[in-house]
Structure formats: C-alpha cells, structure tokens
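**Q** upload_21.cif is the file, holding mmCIF, C-alpha atoms and all ligand atoms:
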```cif
data_upload
loop_
_atom_site.label_atom_id
_atom_site.label_comp_id
_atom_site.auth_asym_id
_atom_site.auth_seq_id
_atom_site.Cartn_x
_atom_site.Cartn_y
_atom_site.Cartn_z
CA MET J 1 -19.84 -134.58 66.14
CA THR J 2 -23.42 -133.40 66.25
CA LEU J 3 -26.18 -135.82 66.84
CA PRO J 4 -29.65 -135.38 65.46
CA ALA J 5 -31.92 -134.10 68.19
CA PRO J 6 -33.77 -137.00 69.72
CA THR J 7 -37.48 -136.64 69.29
CA LEU J 8 -38.39 -138.34 72.53
CA ASP J 9 -39.08 -135.98 75.39
CA MET J 10 -36.08 -136.42 77.63
CA ASN J 11 -37.44 -134.14 80.31
CA SER J 12 -40.34 -136.28 81.45
CA ASP J 13 -40.16 -138.52 84.55
CA ARG J 14 -39.10 -141.62 82.70
CA ALA J 15 -35.40 -142.15 82.30
CA PRO J 16 -34.29 -141.96 78.67
CA TRP J 17 -32.64 -145.34 78.77
CA ALA J 18 -31.16 -148.14 80.84
CA ALA J 19 -28.71 -150.74 79.60
CA PHE J 20 -27.91 -154.12 81.15
CA VAL J 21 -24.85 -155.77 79.70
CA GLY J 22 -22.82 -158.87 80.45
CA ASP J 23 -19.26 -157.75 79.86
CA ASP J 24 -17.07 -154.75 80.21
CA MET J 25 -16.25 -154.30 76.52
CA THR J 26 -19.92 -153.94 75.64
CA ARG J 27 -20.36 -151.70 78.65
CA GLN J 28 -17.68 -149.35 77.36
CA ALA J 29 -19.38 -149.13 73.95
CA LEU J 30 -22.68 -148.26 75.64
CA LEU J 31 -21.08 -145.76 77.96
CA SER J 32 -19.75 -143.83 75.01
CA VAL J 33 -23.27 -143.68 73.53
CA ALA J 34 -24.60 -142.50 76.92
CA ARG J 35 -21.99 -139.74 77.06
CA GLU J 36 -22.81 -138.59 73.54
CA HIS J 37 -26.43 -138.17 74.57
CA GLY J 38 -25.64 -136.62 77.92
CA TRP J 39 -27.23 -139.55 79.75
CA SER J 40 -25.97 -140.62 83.14
CA GLU J 41 -23.28 -143.30 83.18
CA ASP J 42 -25.21 -144.98 85.99
CA SER J 43 -27.75 -145.97 83.38
CA VAL J 44 -25.35 -148.58 81.99
CA LEU J 45 -25.22 -151.54 84.34
CA LEU J 46 -23.62 -154.94 84.38
CA GLY J 47 -26.30 -157.62 84.51
CA ASP J 48 -28.70 -159.88 82.65
CA ALA J 49 -32.47 -159.75 82.11
CA ALA J 50 -33.09 -161.01 85.65
CA GLU J 51 -30.99 -158.18 86.99
CA ALA J 52 -32.92 -155.75 84.79
CA LEU J 53 -36.14 -157.09 86.25
CA ARG J 54 -34.91 -156.60 89.80
CA HIS J 55 -33.66 -153.16 89.01
CA LEU J 56 -36.74 -151.95 87.21
CA ALA J 57 -39.32 -153.43 89.57
CA GLY J 58 -41.62 -150.82 90.98
CA GLN J 59 -40.42 -147.89 88.93
CA ALA J 60 -41.32 -146.41 85.58
CA THR J 61 -39.40 -148.24 82.88
CA PRO J 62 -37.09 -146.11 80.77
CA LYS J 63 -38.02 -145.20 77.24
CA LEU J 64 -35.28 -147.35 75.82
CA LEU J 65 -34.00 -150.57 77.28
CA VAL J 66 -30.82 -152.24 76.02
CA LEU J 67 -30.62 -155.85 77.11
CA ASP J 68 -27.76 -158.24 76.73
CA LEU J 69 -29.28 -161.68 76.16
CA ALA J 70 -25.95 -163.38 75.49
CA GLY J 71 -25.98 -165.51 78.63
CA SER J 72 -29.59 -166.54 78.27
CA ALA J 73 -30.69 -170.09 77.47
CA ASP J 74 -34.00 -168.85 76.08
CA PRO J 75 -33.63 -165.18 75.02
CA LEU J 76 -37.18 -164.84 73.80
CA ASP J 77 -38.66 -166.22 76.99
CA GLU J 78 -36.45 -163.99 79.08
CA LEU J 79 -37.50 -160.95 77.13
CA LEU J 80 -41.18 -161.73 77.40
CA GLY J 81 -40.88 -162.21 81.14
CA LEU J 82 -39.53 -158.72 81.32
CA ALA J 83 -42.26 -157.36 79.08
CA ASP J 84 -44.81 -158.00 81.81
CA HIS J 85 -43.08 -155.40 83.92
CA CYS J 86 -42.51 -152.76 81.29
CA ASP J 87 -44.57 -149.68 80.67
CA PRO J 88 -46.21 -149.37 77.28
CA GLY J 89 -44.03 -147.54 74.83
CA THR J 90 -40.73 -148.82 76.21
CA ARG J 91 -38.54 -149.82 73.30
CA VAL J 92 -36.01 -152.59 73.42
CA ILE J 93 -32.69 -153.19 71.72
CA ALA J 94 -31.38 -156.71 72.32
CA LEU J 95 -27.76 -157.80 72.18
CA GLY J 96 -26.64 -161.39 71.83
CA THR J 97 -24.18 -163.89 70.49
CA VAL J 98 -26.60 -166.18 68.66
CA ASN J 99 -26.37 -165.50 64.95
CA ASP J 100 -29.61 -167.11 63.93
CA VAL J 101 -32.07 -165.60 61.51
CA ASN J 102 -34.98 -167.36 63.19
CA LEU J 103 -34.20 -165.79 66.53
CA TYR J 104 -33.78 -162.44 64.81
CA ARG J 105 -37.19 -162.77 63.17
CA GLN J 106 -38.84 -163.87 66.39
CA LEU J 107 -37.42 -160.89 68.22
CA MET J 108 -38.57 -158.51 65.48
CA ASP J 109 -41.97 -160.19 65.45
CA VAL J 110 -42.49 -159.47 69.12
CA GLY J 111 -41.61 -155.82 68.61
CA VAL J 112 -37.93 -155.57 69.55
CA GLU J 113 -36.39 -152.57 67.75
CA ASP J 114 -33.11 -154.19 66.88
CA TYR J 115 -30.93 -157.19 67.61
CA LEU J 116 -27.17 -156.58 67.55
CA LEU J 117 -24.57 -159.29 67.51
CA LYS J 118 -21.73 -159.17 69.99
CA PRO J 119 -19.09 -157.93 70.00
CA VAL J 120 -21.10 -154.84 69.17
CA ASN J 121 -19.87 -152.44 66.60
CA GLY J 122 -19.95 -148.87 67.97
CA ASP J 123 -21.50 -147.38 64.85
CA ALA J 124 -24.17 -150.06 64.62
CA LEU J 125 -25.01 -149.46 68.26
CA ARG J 126 -25.23 -145.70 67.75
CA ASP J 127 -27.47 -146.19 64.71
CA ALA J 128 -29.71 -148.59 66.56
CA VAL J 129 -30.14 -146.17 69.47
CA GLU J 130 -30.83 -143.23 67.13
CA HIS J 131 -33.35 -145.29 65.28
CA ALA J 132 -35.11 -146.48 68.42
CA LEU J 133 -35.45 -142.89 69.61
CA ILE J 134 -37.33 -141.72 66.57
CA GLU J 135 -41.06 -141.50 67.17
CA PRO J 136 -42.95 -143.27 64.41
CA GLU J 137 -44.50 -140.88 61.94
CA PRO J 138 -48.22 -140.64 62.51
CA ASP J 139 -50.06 -142.54 59.82
CA VAL J 140 -51.25 -139.85 57.48
CA SER J 141 -52.46 -142.16 54.74
CA GLU J 142 -56.10 -141.83 55.75
CA PRO J 143 -56.39 -138.69 57.84
CA GLU J 144 -60.17 -138.67 57.64
CA ASP J 145 -60.20 -141.90 59.64
CA ASP J 146 -59.26 -139.96 62.77
CA ASP J 147 -62.81 -138.80 63.19
CA LYS J 148 -64.38 -142.13 62.44
CA ALA J 149 -66.07 -143.98 65.24
CA ARG J 150 -64.36 -146.99 66.64
CA LEU J 151 -65.98 -150.17 65.38
CA ILE J 152 -66.43 -152.90 67.97
CA THR J 153 -67.69 -156.26 66.79
CA VAL J 154 -69.14 -158.80 69.19
CA ILE J 155 -69.24 -162.46 68.14
CA GLY J 156 -70.53 -165.47 70.05
CA ALA J 157 -68.31 -168.54 69.75
CA ARG J 158 -71.60 -170.45 69.83
CA GLY J 159 -75.27 -169.59 69.90
CA GLY J 160 -76.69 -168.66 73.28
CA VAL J 161 -73.40 -167.86 75.00
CA GLY J 162 -74.43 -164.26 75.57
CA ALA J 163 -73.00 -162.29 72.64
CA THR J 164 -76.08 -160.10 72.41
CA THR J 165 -76.08 -159.58 76.17
CA VAL J 166 -72.47 -158.41 76.00
CA ALA J 167 -73.07 -156.20 72.94
CA VAL J 168 -76.15 -154.54 74.44
CA ASN J 169 -74.63 -153.91 77.86
CA THR J 170 -71.33 -152.69 76.46
CA ALA J 171 -73.16 -150.22 74.23
CA TRP J 172 -75.36 -149.14 77.14
CA ILE J 173 -72.46 -148.60 79.55
CA LEU J 174 -70.46 -146.68 76.95
CA ALA J 175 -73.48 -144.47 76.28
CA HIS J 176 -74.84 -143.97 79.79
CA GLU J 177 -71.74 -144.14 81.96
CA LYS J 178 -68.95 -143.06 79.63
CA ASP J 179 -70.84 -140.37 77.75
CA LYS J 180 -70.19 -141.74 74.28
CA ARG J 181 -72.64 -141.46 71.42
CA VAL J 182 -73.13 -145.08 70.52
CA ALA J 183 -74.77 -146.95 67.65
CA LEU J 184 -75.73 -150.53 68.38
CA VAL J 185 -76.25 -152.55 65.20
CA ASP J 186 -77.75 -156.02 65.07
CA LEU J 187 -76.70 -157.91 61.97
CA ASP J 188 -78.89 -160.91 62.74
CA LEU J 189 -81.59 -159.76 60.37
CA TYR J 190 -84.16 -162.44 61.23
CA PHE J 191 -83.63 -163.27 64.88
CA GLY J 192 -81.77 -160.29 66.27
CA THR J 193 -82.58 -159.53 69.90
CA THR J 194 -80.74 -156.30 70.66
CA ALA J 195 -83.86 -154.12 70.43
CA LEU J 196 -85.80 -156.68 72.43
CA ALA J 197 -83.12 -156.67 75.12
CA LEU J 198 -83.71 -152.94 75.60
CA ASP J 199 -87.46 -153.19 75.24
CA LEU J 200 -87.51 -151.26 71.97
CA GLU J 201 -89.51 -151.90 68.81
CA PRO J 202 -87.19 -152.57 65.88
CA GLY J 203 -87.42 -149.75 63.33
CA ARG J 204 -88.46 -150.15 59.72
CA GLY J 205 -85.58 -148.42 58.00
CA PHE J 206 -82.94 -151.12 58.14
CA ARG J 207 -84.36 -153.24 55.38
CA GLU J 208 -84.85 -150.28 53.14
CA ALA J 209 -81.25 -149.25 53.68
CA LEU J 210 -80.06 -152.75 52.90
CA GLU J 211 -81.95 -152.93 49.65
CA ASN J 212 -81.32 -149.38 48.59
CA PRO J 213 -77.97 -148.23 49.92
CA ALA J 214 -77.90 -145.21 47.65
CA ARG J 215 -80.36 -143.62 50.06
CA ILE J 216 -78.11 -143.98 53.06
CA ASP J 217 -77.10 -140.65 54.47
CA SER J 218 -76.84 -139.29 58.01
CA LEU J 219 -80.43 -138.14 58.08
CA PHE J 220 -81.66 -141.46 56.83
CA ILE J 221 -79.63 -143.30 59.45
CA GLU J 222 -81.10 -141.19 62.21
CA ARG J 223 -84.61 -141.97 61.04
CA ALA J 224 -83.91 -145.67 60.61
CA MET J 225 -82.46 -146.05 64.07
CA VAL J 226 -84.42 -146.43 67.25
CA ARG J 227 -83.51 -144.00 69.98
CA GLU J 228 -82.93 -145.57 73.37
CA SER J 229 -81.60 -142.34 74.90
CA ASP J 230 -79.74 -139.23 73.80
CA ASN J 231 -76.56 -141.24 73.49
CA LEU J 232 -77.69 -144.69 72.39
CA PHE J 233 -79.32 -145.59 69.07
CA VAL J 234 -80.20 -149.07 67.90
CA LEU J 235 -80.42 -150.46 64.38
CA ASP J 236 -82.28 -153.73 64.37
CA THR J 237 -84.83 -155.48 62.21
CA GLU J 238 -87.13 -158.45 62.58
CA GLU J 239 -87.49 -159.68 59.04
CA THR J 240 -90.32 -162.03 58.27
CA MET J 241 -89.15 -165.61 58.15
CA GLY J 242 -89.36 -167.19 54.75
CA GLN J 243 -89.08 -163.83 53.04
CA ALA J 244 -85.67 -163.57 51.53
CA ILE J 245 -83.96 -160.24 51.85
CA HIS J 246 -81.82 -159.22 48.93
CA PRO J 247 -79.41 -156.78 50.40
CA ASP J 248 -77.06 -155.02 48.09
CA PRO J 249 -73.79 -156.77 49.02
CA THR J 250 -72.12 -153.50 49.84
CA ALA J 251 -75.06 -152.06 51.74
CA ILE J 252 -74.03 -153.12 55.23
CA ASP J 253 -70.52 -151.86 54.60
CA GLN J 254 -71.83 -148.50 53.48
CA LEU J 255 -74.18 -148.34 56.41
CA LEU J 256 -71.39 -149.01 58.91
CA GLU J 257 -69.16 -146.52 57.16
CA LYS J 258 -71.79 -143.78 57.37
CA MET J 259 -72.58 -144.60 60.97
CA ARG J 260 -68.96 -144.20 61.90
CA ASP J 261 -69.21 -140.59 60.81
CA SER J 262 -72.22 -139.88 63.03
CA PHE J 263 -71.31 -141.66 66.27
CA ASP J 264 -68.38 -142.01 68.67
CA MET J 265 -68.62 -145.77 68.75
CA VAL J 266 -70.38 -148.41 66.70
CA VAL J 267 -71.05 -151.75 68.42
CA VAL J 268 -72.00 -154.57 66.05
CA ASP J 269 -73.69 -157.77 67.18
CA LEU J 270 -72.46 -160.08 64.43
CA PRO J 271 -73.88 -163.61 64.05
CA ARG J 272 -71.04 -166.01 63.46
CA GLU J 273 -72.72 -167.20 60.26
CA SER J 274 -72.07 -163.73 58.83
CA LEU J 275 -68.39 -163.49 59.72
CA SER J 276 -67.29 -163.27 56.13
CA ASN J 277 -70.26 -161.38 54.73
CA THR J 278 -69.43 -157.86 55.81
CA SER J 279 -66.53 -155.54 56.28
CA ALA J 280 -67.45 -155.28 59.96
CA LEU J 281 -64.55 -157.51 60.91
CA THR J 282 -61.95 -156.07 58.60
CA GLU J 283 -62.81 -152.56 59.78
CA SER J 284 -63.04 -153.36 63.49
CA GLY J 285 -60.59 -151.97 65.99
CA GLU J 286 -61.81 -154.43 68.55
CA VAL J 287 -63.37 -157.87 68.31
CA ILE J 288 -65.07 -159.26 71.40
CA LEU J 289 -65.40 -163.01 71.29
CA VAL J 290 -67.88 -164.38 73.81
CA ALA J 291 -67.61 -168.04 74.79
CA ASP J 292 -68.69 -170.39 77.50
CA LEU J 293 -66.25 -172.62 79.34
CA THR J 294 -67.11 -175.83 77.52
CA ILE J 295 -65.31 -178.17 75.14
CA ALA J 296 -67.38 -176.82 72.26
CA GLY J 297 -66.60 -173.28 73.43
CA ILE J 298 -62.89 -174.10 73.25
CA ARG J 299 -63.15 -175.59 69.80
CA ASP J 300 -65.13 -172.72 68.37
CA THR J 301 -62.95 -170.10 70.06
CA LEU J 302 -59.90 -171.73 68.50
CA ARG J 303 -61.49 -171.78 65.07
CA ILE J 304 -62.83 -168.26 65.19
CA HIS J 305 -59.56 -166.95 66.60
CA GLU J 306 -57.67 -168.58 63.75
CA TYR J 307 -60.04 -166.97 61.30
CA LEU J 308 -59.64 -163.57 62.97
CA VAL J 309 -55.85 -163.67 62.84
CA GLN J 310 -56.20 -164.03 59.08
CA SER J 311 -59.12 -161.78 58.35
CA ALA J 312 -58.96 -159.08 61.02
CA PRO J 313 -55.28 -158.79 61.97
CA GLN J 314 -55.76 -155.10 62.78
CA ALA J 315 -58.32 -155.79 65.50
CA ARG J 316 -57.52 -156.37 69.11
CA LEU J 317 -59.17 -159.52 70.41
CA THR J 318 -60.91 -159.52 73.75
CA VAL J 319 -62.12 -162.90 74.96
CA VAL J 320 -65.09 -162.89 77.31
CA ALA J 321 -66.06 -166.03 79.20
CA ASN J 322 -69.76 -165.75 79.97
CA ARG J 323 -72.36 -167.63 81.98
CA VAL J 324 -69.48 -168.90 84.08
CA GLY J 325 -70.57 -171.32 86.76
CA LEU J 326 -73.83 -172.28 85.08
CA MET J 327 -72.79 -175.84 84.52
CA GLY J 328 -71.05 -176.33 87.83
CA ARG J 329 -68.69 -179.22 87.82
CA GLY J 330 -69.33 -180.02 84.18
CA GLU J 331 -67.54 -176.83 83.25
CA MET J 332 -63.91 -176.26 82.34
CA THR J 333 -61.85 -174.06 84.60
CA ARG J 334 -60.66 -170.77 83.18
CA GLY J 335 -57.11 -172.19 83.06
CA GLU J 336 -58.22 -175.29 81.16
CA PHE J 337 -60.12 -173.15 78.72
CA GLU J 338 -57.16 -170.84 78.14
CA LYS J 339 -54.85 -173.75 77.57
CA GLY J 340 -57.21 -175.47 75.15
CA ALA J 341 -58.26 -172.35 73.27
CA GLU J 342 -54.74 -170.91 73.29
CA VAL J 343 -55.98 -167.45 74.23
CA PRO J 344 -56.22 -165.67 77.55
CA VAL J 345 -59.67 -164.93 78.94
CA ASP J 346 -59.74 -161.17 79.39
CA ILE J 347 -63.11 -160.81 81.10
CA SER J 348 -65.14 -163.38 83.00
CA ILE J 349 -68.86 -162.86 83.63
CA PRO J 350 -70.60 -165.22 86.06
CA PHE J 351 -73.94 -166.80 85.33
CA ASP J 352 -76.27 -164.52 87.22
CA ILE J 353 -79.98 -164.90 87.55
CA ALA J 354 -80.80 -161.85 89.68
CA GLY J 355 -78.85 -159.38 87.55
CA VAL J 356 -78.18 -160.48 83.99
CA LEU J 357 -81.14 -162.75 83.37
CA GLU J 358 -83.55 -160.50 85.23
CA ALA J 359 -82.38 -157.49 83.23
CA ALA J 360 -83.04 -159.37 79.99
CA ASN J 361 -86.50 -160.32 81.21
CA GLN J 362 -87.29 -156.71 82.07
CA GLY J 363 -85.85 -155.39 78.79
CA LYS J 364 -83.25 -153.37 80.66
CA ALA J 365 -79.49 -153.11 80.79
CA VAL J 366 -77.79 -154.98 83.63
CA PRO J 367 -76.62 -151.84 85.51
CA GLU J 368 -80.24 -150.65 85.68
CA VAL J 369 -81.25 -153.81 87.51
CA ALA J 370 -78.14 -154.71 89.48
CA ASN J 371 -75.74 -151.84 89.83
CA ARG J 372 -73.27 -153.74 91.96
CA GLY J 373 -71.78 -157.19 91.98
CA LYS J 374 -69.49 -159.23 89.85
CA PRO J 375 -71.44 -159.37 86.56
CA VAL J 376 -71.84 -155.60 86.28
CA THR J 377 -68.25 -155.02 87.37
CA ALA J 378 -67.07 -157.39 84.64
CA LEU J 379 -69.20 -155.59 82.05
CA ARG J 380 -67.81 -152.23 83.21
CA ASP J 381 -64.28 -153.61 83.04
CA LEU J 382 -64.97 -154.57 79.45
CA SER J 383 -66.08 -151.04 78.54
CA THR J 384 -63.08 -149.54 80.30
CA ARG J 385 -60.83 -151.86 78.38
CA ILE J 386 -62.38 -150.73 75.11
CA LEU J 387 -62.09 -147.07 76.02
CA HIS J 388 -58.57 -147.44 77.25
CA ASP J 389 -57.59 -148.97 73.96
CA GLU J 390 -59.13 -146.01 72.20
CA THR J 391 -57.23 -143.39 74.17
CA VAL J 392 -53.81 -145.02 74.08
CA ASP J 393 -54.25 -146.27 70.54
CA GLY J 394 -53.31 -149.76 71.49
CA ASP J 395 -53.63 -151.57 74.74
CA SER J 396 -51.60 -150.97 77.83
CA ARG J 397 -49.24 -153.83 77.24
CA PRO J 398 -45.94 -153.16 75.53
CA ALA J 399 -45.95 -153.78 71.81
CA TRP J 400 -44.18 -157.08 71.96
CA LYS J 401 -46.69 -158.50 74.41
CA ARG J 402 -49.56 -157.23 72.34
CA LEU J 403 -48.27 -158.90 69.22
CA LEU J 404 -47.98 -162.13 71.08
CA GLY J 405 -51.52 -161.75 72.34
CA LEU J 406 -52.76 -161.52 68.78
CA LYS J 407 -50.98 -164.65 67.80
CA GLY J 408 -52.16 -166.47 70.90
CA GLY J 409 -48.63 -167.14 72.05
CA LEU J 410 -45.55 -168.36 70.25
N1 LIG B 501 -74.06 -163.95 82.55
C1 LIG B 501 -75.32 -164.37 82.35
N2 LIG B 501 -76.07 -164.80 83.39
C2 LIG B 501 -77.33 -165.23 83.19
N3 LIG B 501 -77.94 -165.26 82.01
C3 LIG B 501 -77.27 -164.83 80.93
C4 LIG B 501 -75.92 -164.36 81.04
N4 LIG B 501 -75.52 -163.99 79.80
C5 LIG B 501 -76.55 -164.22 78.96
N5 LIG B 501 -77.60 -164.72 79.64
C6 LIG B 501 -78.89 -165.16 79.08
O1 LIG B 501 -78.62 -166.20 78.17
C7 LIG B 501 -79.51 -166.14 77.08
C8 LIG B 501 -78.74 -166.06 75.78
O2 LIG B 501 -78.03 -164.83 75.73
P1 LIG B 501 -77.84 -164.01 74.39
O3 LIG B 501 -77.11 -162.79 74.77
O4 LIG B 501 -79.12 -163.85 73.65
O5 LIG B 501 -76.88 -165.00 73.61
P2 LIG B 501 -76.40 -165.00 72.08
O6 LIG B 501 -76.60 -163.63 71.54
O7 LIG B 501 -74.97 -165.39 72.17
O8 LIG B 501 -77.21 -166.04 71.40
C9 LIG B 501 -80.39 -164.93 77.32
O9 LIG B 501 -81.56 -165.36 77.95
C10 LIG B 501 -79.59 -164.09 78.27
O10 LIG B 501 -80.38 -163.28 79.09
MG MG B 502 -77.63 -162.99 69.81
#
```
Step by step, read the file and then write its structure as structure tokens.
Ligand SMILES: Nc1ncnc2c1ncn2[C@@H]1O[C@H](COP(=O)(O)OP(=O)(O)O)[C@@H](O)[C@H]1O
Ligand SMILES: [Mg+2]

**A**
Amino acid sequence: MTLPAPTLDMNSDRAPWAAFVGDDMTRQALLSVAREHGWSEDSVLLGDAAEALRHLAGQATPKLLVLDLAGSADPLDELLGLADHCDPGTRVIALGTVNDVNLYRQLMDVGVEDYLLKPVNGDALRDAVEHALIEPEPDVSEPEDDDKARLITVIGARGGVGATTVAVNTAWILAHEKDKRVALVDLDLYFGTTALALDLEPGRGFREALENPARIDSLFIERAMVRESDNLFVLDTEETMGQAIHPDPTAIDQLLEKMRDSFDMVVVDLPRESLSNTSALTESGEVILVADLTIAGIRDTLRIHEYLVQSAPQARLTVVANRVGLMGRGEMTRGEFEKGAEVPVDISIPFDIAGVLEAANQGKAVPEVANRGKPVTALRDLSTRILHDETVDGDSRPAWKRLLGLKGGL
C-alpha cells in the first residue's frame, strides 16, 4: 500500500507525532499507523493527558499529538491544560468514549483536528492522521491582500483611558524602533489628539479626502498626511466645532484601503462612538482595547468585546490596562478585572507621571522622554506582540487556545 506523501517536513527537529493512549488495543492500532509512516514505535505511549504533559514538558511538541481522553472527567479542560505547553502549529487528534455531539463540537471549536470514538477503527484513524498532516492550502482568494498593510485599530473602553497615548506610542515604536513605515490615523475628526501628542500641526487634506474620496490616490495621501519622520506619517484633522462635516460614507474606508497600499502598518485611533461607522474594525487584523481597572472599565470592556466578537471576528484582541495604580486602593486588581471582563489583560501600563504624562506634555513619544522603565517596556511589549502576530500569521498560542481567547473562555 502506498501512502500519499505527507506534506509536513518530517526532517525538522520536531518529532512528527506522539500518541498517548489508555489501552493496548488502541495502542496496537496506532502502532500500525506509526509503522506505515516509518515513525518510531516509541512515539506511541500508554498514558493520559497528564502523562503527555509530563512527557512533553521542556521539549518541542511534535507536529501531531494523538490523545486518548477516554479516562478524563473533563476532556475539554484536560486538553486546554495541555495547550498551554504546546508549540504553535501542533495539531491534535482526540480519542474518547463519549459519543456526544456537544463535546464533538466543542473540541472542533477549539481547533482539534478530529475526535474519534473508541474502539477506534483502523481506517478512520489512518484517514484522520493523513488529514491532520495536510498543510492547509494558502488562502488564494485575495492574493493582492498579501501586500496590504496590517490594520491595527485602537479603541478606548472609555474616554481618557489612554487610547490615543497607546496608538501614538505604538505607531512611534513600530516606526522608529522596528523600522516599519507607519500611518497613524485619527478618526476623531473634532477632538483628535494624535498630532498634538507628537507636536505636529494637523494637515488640511483629511477633510477634503472625506468629502471628495474620488480624489484619493497615493500622491494625495502623501500630501494630506503630516510627516513626523521618514517612517511615520499622521493623518489628523481639527474640524471646527459646530461645522458639520459631510463625509462620503465610503470615504474613510477608501482612505484606509489606499493607505494600506502605501504603508507597512496602519494604526487607527478610533473613537468608540464611531465603532460601527467605518470598515476599520472589519478590516483590522488586530484590535487593541485600552481600559482602566475600574468597574466602568469592566462593563465597557465586556460590551465592546461582545461587539467585537460579532463585528470583527477576524481580528485578534489585545487588552491593555492603562494608568494602572492611579486610583490606588480604589482600583480593581488585574485578576478582578479579568474575571469581571472575561478577558485576559495582555499588557499592563502603570500610571506614570515622569514618562508617559511628561512625554504628552512635551509632545513627544514616551521612549524619547523615558527610555527605560515599566511603561516603555510595556509599550514595547505591545509592539512586539503586534509584529509577532504579523510574522507568524496568528499569535504564538496554539490554534485552540487562540480561539478560546477570542471567545473570552468557554
Ligand atoms: N500610563 C499613563 N500614565 C500617565 N498618564 C497617562 C497614561 N496614559 C495616558 N495618560 C494621560 O492621560 C490623558 C488621557 O490620555 P489619552 O491617550 O488622550 O486618552 P484617550 O485617547 O483614551 O481619551 C492624557 O493626558 C495622557 O497623557
Ligand atoms: Mg483619544
């Protein structure tokens, strides 16, 4: 019998597979699959998920993991515990005795490749392994998107929590320290402060572009944007209060679309009142939600997160707790916040007068004023996280953990 050539690279350091099974009959079925692929018989072991955890600790996880969850009281929980210790890209086939469509769906939802009922049928097992080994076809539906800049949208759960500070400093660090060509766009058309934060005069072209999107081309964008440095350009406007702007509804979308052709990254400071007004969210690869550790911060994080799950399911959510420590004992702890808001805090930025506030007062980015210390480290961590996501096309957690992250836990 000839097997289709597996498309995974079997010669790299990671083992092709490891299987942990609870009984000898299942072990025999797996051993025959191992032999057919020329994989070591030592890769099929007797044991449960806890044994797998012990075995895999401290080494690169294999590309394919077969886990027997039959003896487990809570298969899903067991699996997720293991996910913390798995390298990204590891695929999982689960075996079990519970014939329950809900469990099956939950396992598929968290990214398990297949769930096979015991006693396992040899052919079904073979098929499942073959299937798990096939690399997904690259998405060729929109090839031109490959060159498009990554869109990063920053939203404040509430006013004044520091969304603009995060947007400006993220854009600055990406441009100055990570050598990306970055566009920073302020969609608060009346009270935007991104240009102010970098001591720049807002340009005049934004309004014109909004009212007359037919004129938007790369040259126009360059003229409309204010140059902070070779790598960082800002699009901001200070519209006169009381004067209504009548933007063409599609203008902002077109503007963002064009900008994504001219830059490596586009960072949007999006007022939460405008969440549903633009395609910024639906096109974003990353949404950064900035909140403070207060009851209102929890409530608004919950509500915005719920909205994002619906309206921007493609985006990875990064939650930033900012101005941490400002309110002393009146503040929630990070743990309390996470529990209430049902999302993990990914980055925590302390309230910092000498660095963050001083930088804003001087119209500079934080690293220009305070190059060391916790606030700037947190801001750099945020940029690294964004870049990392770009290079690995996903974050560093295995797929099933990532899915859970999006849903805020099961
Ligand atoms: N971590 C921080 N430490 C000290 N001051 C901060 C911090 N983050 C933001 N600020 C200050 O808080 C104020 C509001 O921040 P801003 O970014 O304009 O909030 P938003 O855009 O969410 O309304 C600004 O004066 C800013 O300099
Ligand atoms: Mg703001």

**Q** Can you tell me which residues come within 7 Å of ligand LIG 501 (chain B) when counting only C-alpha atoms and all ligand atoms, ideally as a list in words?

**A** Gly156, Arg158, Gly159, Gly160, Val161, Gly162, Ala163, Thr164, Thr165, Val166, Thr193, Asn322, Arg323, Val324, Ile349, Pro350, Phe351, Asp352, Ile353, Val356, Leu357, Ala360 and Pro375 of chain J

**Q** CA of Trp172 (chain J) and CA of Ala251 (chain J) are how many Å apart?

**A** 25.6 Å

**Q** Applying 12 Å and only C-alpha atoms, which residues near Gly58 (chain J) remain after dropping the ones on its own chain fewer than 5 positions away? List them as a VMD selection string.

**A** chain J and resid 52 to 53 85 to 87

**Q** List the spatial neighbours of Leu210 (chain J) as a VMD selection string - criterion: any atom at most 7 Å away, all atoms listed in the file, same-chain residues fewer than 3 positions off excluded.

**A** chain J and resid 206 to 207 213 247 to 248 251 to 252

**Q** Could you tell me how far CA of Ala370 (chain J) lies from CA of Asp292 (chain J), in Å and to one decimal?

**A** 21.9 Å

**Q** From (-71.1, -150.1, 73.3), in the file's coordinates, out to 9 Å: which residues are reached, counting all atoms listed in the file? Answer as an NGL selection string.

**A** :J and (152 or 166-175 or 180-184 or 232 or 265-268 or 383 or 386)

**Q** Rank nothing, just name the residue among J:Ser32, J:Thr194, J:Ser348, J:Asn212 nearest to Val226 (chain J), using all atoms listed in the file.

**A**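 Comparing J:Ser32, J:Thr194, J:Ser348, J:Asn212 against Val226 (chain J), the winner is J:Thr194.
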
**Q** Give me, please, the distance in Å between CA of Trp17 (chain J) and CA of Pro62 (chain J), quoted to one decimal.

**A**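 CA of Pro62 (chain J) lies at a distance of 4.9 Å from CA of Trp17 (chain J).
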
**Q** So that I can check the surroundings of Asp346 (chain J), please list as a count of residues only every protein, DNA and RNA residue that reaches within 8 Å of it, counting only C-alpha atoms and ignoring chain neighbours fewer than 5 positions away.

**A** 4

**Q** Please write out, as lines of an AutoDock Vina configuration file, where the centre of an axis-aligned box around all listed atoms of region 383-389 of chain J lies and how long its edges are, in Å to one decimal, after adding 6 Å on each side.

**A**
```
center_x = -61.8
center_y = -149.5
center_z = 77.1
size_x = 20.5
size_y = 16.8
size_z = 18.3
```

**Q** For Val234 (chain J), which of J:Leu200, J:Gly340, J:Ser262, J:Thr61 is the closest residue, counting all atoms listed in the file?

**A**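 Closest residue, counting all atoms listed in the file: J:Leu200.
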
**Q** What would the file be for region 211-225 of chain J if you keep C-alpha atoms and write it as a PDB file, in the first residue's frame?

**A**
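Output (part09.pdb):
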```pdb
ATOM      1  CA  GLU J 211     -15.750  64.930   1.232  1.00  0.00           C
ATOM      2  CA  ASN J 212     -14.273  64.022  -2.095  1.00  0.00           C
ATOM      3  CA  PRO J 213     -12.990  60.461  -1.987  1.00  0.00           C
ATOM      4  CA  ALA J 214     -12.672  60.269  -5.750  1.00  0.00           C
ATOM      5  CA  ARG J 215      -9.500  62.324  -5.361  1.00  0.00           C
ATOM      6  CA  ILE J 216      -7.845  59.871  -3.033  1.00  0.00           C
ATOM      7  CA  ASP J 217      -4.735  58.382  -4.536  1.00  0.00           C
ATOM      8  CA  SER J 218      -1.267  57.669  -3.164  1.00  0.00           C
ATOM      9  CA  LEU J 219       0.046  61.097  -4.050  1.00  0.00           C
ATOM     10  CA  PHE J 220      -2.910  62.781  -2.452  1.00  0.00           C
ATOM     11  CA  ILE J 221      -2.474  60.739   0.714  1.00  0.00           C
ATOM     12  CA  GLU J 222       1.160  61.724   0.968  1.00  0.00           C
ATOM     13  CA  ARG J 223       0.259  65.386   0.693  1.00  0.00           C
ATOM     14  CA  ALA J 224      -2.602  65.131   3.154  1.00  0.00           C
ATOM     15  CA  MET J 225      -0.510  63.424   5.796  1.00  0.00           C
TER      16      MET J 225
END
```
